[in-house]
Amino acid sequence: FIPLGGWGSSLRGQGRPSTMGDEPHMDGGILDSIVFMEQSLAQRVQAFGTEDQETVRQWKKLNTEYNISAMKFLQEDGYDTALDLLGRAKQLTTSGVKFGEVDDRRKLLAITYNNMSCVYKRRGLLKTALGYAEKALKLETQSTKADNPACTHLNLCAILSRLARHRHALEHCQCALQLLKAGNFCGANTPGLMNDFHDGVEPESSILAVCYHNMAVEHEHLGEDDKALQAYYRSVEVAGLELGPDHPITQAFAERADEAQANLEKKQKEKERGKHAKKGGGGGRGQP
């Protein structure tokens with residue numbers, strides 16, 4: 001726990017962390033607000049302790065704000081500032097002074113680790129990203145309050161896919177699908193994940209459609225074209241139901257499904273031609 005007055009020291013001055021360097025400028029009001037929240041929590045702890053109900057509420061709010069603001073900086077490639085803020089969020093849940101219940105701390109720490117994973121994934125440090133995503137999933141399996149396991153599985157799918165570990169990526173996608181079908185949807189407090197499941201996909205609200213899309217991608221990598229096509233068409237169906245048939249995401253998934261269909265038909269034709277060529281070649285063998 002950082003003593004009263006310790007929080008916010010690197011956020012003062014020009015309204016942004018000293019780690020920010022030459023990163024893109026963002027509204028200093030975001031960080032000014034965080035400084036105020038840090039000071040308010042520190043004063044509350046000093047006056048009422050960590051078990052006070054309002055103290056716990058402010059602790060949760062500050063932790064969530066760290067994560068949301070970190071992902072805003074990440075969207076503008078503010079990597080160092082994002083990690084600075086996520087490091088503060090981690091400290092709030094792992095320091096010697098305990099706020100809230102154990103499951104609350106596990107849930108919030110899992111969110112932070114997931115977002116750390118997003119930062120490192122964006123920077124191309126995939127093994128580091130994988131480590132944080134795996135830590136997040138472990139915490140979520142230990143917490144009765146975790147609301148993001150499906151998102152975490154999809155995050156792991158995206159990372160493993162980029163590491164060319166497609167079978168494991170598919171397994172995580174299948175786990176996500178089971179959770180989503182059981183009604184375990186991604187929580188709203190994990191910003192960043194929804195934009196990073198697979199390159200070129202902006203899923204917005206149709207997380208189930210994205211899950212089917214990612215399954216299709218992994219089946220393609222594994223040479224399982226029939227299964228890939230089925231998953232592509234399911235992604236189109238779900239996106240159409242949730243977002244509407246004319247939504248850009250639905251249209252993009254439909255184009256991918258059509259491409260997969262065309263590629264499968266092309267492969268089948270090439271396979272048939274190959275069979276005919278072998279038969280014709282076999283009949284002419286040994287002829288002068």
# chains A, B, ... in the order shown; residues from 1 in each chain; ligands from 1
>>> residues_around(residues="Leu208 of chain A", least_positions_apart="3", cutoff="9 Å", atoms="only C-alpha atoms", output="ChimeraX atom specification")
/A:176-177,180-181,185,205,211-213,235,238-239
>>> write_last_selection(atoms="C-alpha atoms", output="PDB file, in the first residue's frame")
ATOM      1  CA  ALA A 176     -15.070 -20.026 -24.867  1.00  0.00           C
ATOM      2  CA  LEU A 177     -17.936 -21.334 -26.978  1.00  0.00           C
ATOM      3  CA  LEU A 180     -20.888 -18.445 -24.040  1.00  0.00           C
ATOM      4  CA  LYS A 181     -23.580 -21.033 -24.749  1.00  0.00           C
ATOM      5  CA  PHE A 185     -20.651 -13.546 -21.375  1.00  0.00           C
ATOM      6  CA  SER A 205     -21.250  -6.723 -29.219  1.00  0.00           C
ATOM      7  CA  CYS A 211     -15.984 -17.002 -31.321  1.00  0.00           C
ATOM      8  CA  TYR A 212     -17.334 -18.937 -34.296  1.00  0.00           C
ATOM      9  CA  HIS A 213     -15.202 -16.831 -36.656  1.00  0.00           C
ATOM     10  CA  SER A 235     -20.525 -16.737 -37.409  1.00  0.00           C
ATOM     11  CA  VAL A 238     -25.141 -15.306 -35.229  1.00  0.00           C
ATOM     12  CA  ALA A 239     -23.875 -11.898 -36.349  1.00  0.00           C
TER      13      ALA A 239
END
>>> select_by_dssp(residues="segment 29-113 of chain A", states="alpha helix (DSSP H)", output="MDAnalysis selection string")
chainID A and resid 29:48 53:75 79:94 102:113
>>> residues_around(residues="Leu83 of chain A", least_positions_apart="6", cutoff="9 Å", atoms="only C-alpha atoms", output="compact mmCIF listing (two decimals) with all heavy atoms, in the first residue's frame")
# COMPACT_ATOMS: atom_id res chain seq x y z
N ALA A 70 -5.89 2.76 -19.01
CA ALA A 70 -4.74 2.09 -19.63
C ALA A 70 -5.07 1.65 -21.05
O ALA A 70 -4.27 1.80 -21.97
CB ALA A 70 -4.32 0.88 -18.79
N LEU A 74 -3.51 2.60 -24.67
CA LEU A 74 -3.05 1.56 -25.58
C LEU A 74 -3.58 1.79 -26.99
O LEU A 74 -2.87 1.56 -27.98
CB LEU A 74 -3.50 0.18 -25.08
CG LEU A 74 -3.14 -1.02 -25.97
CD1 LEU A 74 -1.62 -1.13 -26.14
CD2 LEU A 74 -3.70 -2.31 -25.39
N MET A 116 -2.88 -6.42 -19.36
CA MET A 116 -1.43 -6.46 -19.56
C MET A 116 -1.10 -7.35 -20.75
O MET A 116 -0.22 -7.04 -21.56
CB MET A 116 -0.74 -6.99 -18.30
CG MET A 116 -0.65 -5.99 -17.17
SD MET A 116 0.22 -6.68 -15.74
CE MET A 116 0.54 -5.19 -14.78
N VAL A 119 -1.56 -5.43 -23.90
CA VAL A 119 -0.47 -4.49 -24.17
C VAL A 119 0.71 -5.22 -24.80
O VAL A 119 1.25 -4.79 -25.84
CB VAL A 119 -0.02 -3.78 -22.88
CG1 VAL A 119 1.20 -2.90 -23.15
CG2 VAL A 119 -1.15 -2.92 -22.32
>>> closest_residue(among="A:Arg106, A:Ala150, A:His276, A:Lys61", to="Ala182 of chain A", atoms="only C-alpha atoms")
A:Ala150
>>> closest_atom_pairs(of="segment 138-190 of chain A", to="segment 214-234 of chain A", cutoff="12 Å", atoms="only C-alpha atoms", output="Markdown table")
| residue | atom | partner | partner_atom | distance |
| --- | --- | --- | --- | --- |
| A:His153 | CA | A:Asn214 | CA | 11.3 |
| A:Leu154 | CA | A:Asn214 | CA | 8.2 |
| A:Asn155 | CA | A:Asn214 | CA | 10.6 |
| A:Leu156 | CA | A:Asn214 | CA | 11.4 |
| A:Cys157 | CA | A:Asn214 | CA | 7.9 |
| A:Ala158 | CA | A:Asn214 | CA | 8.1 |
| A:Ile159 | CA | A:Asn214 | CA | 11.7 |
| A:Leu160 | CA | A:Glu218 | CA | 10.1 |
| A:Ser161 | CA | A:Glu218 | CA | 7.4 |
| A:Arg162 | CA | A:Glu218 | CA | 10.6 |
| A:Ala164 | CA | A:His221 | CA | 8.7 |
| A:Arg165 | CA | A:Glu218 | CA | 9.4 |
| A:His166 | CA | A:Glu218 | CA | 5.8 |
| A:Arg167 | CA | A:Leu222 | CA | 7.3 |
| A:His168 | CA | A:Glu218 | CA | 9.4 |
| A:Ala169 | CA | A:Glu218 | CA | 7.0 |
| A:Leu170 | CA | A:Glu218 | CA | 5.7 |
| A:Glu171 | CA | A:Met215 | CA | 8.9 |
| A:His172 | CA | A:Met215 | CA | 9.3 |
| A:Cys173 | CA | A:Met215 | CA | 6.1 |
| A:Gln174 | CA | A:Met215 | CA | 7.4 |
| A:Cys175 | CA | A:Met215 | CA | 10.7 |
| A:Ala176 | CA | A:Met215 | CA | 10.1 |
| A:Leu177 | CA | A:Met215 | CA | 9.2 |
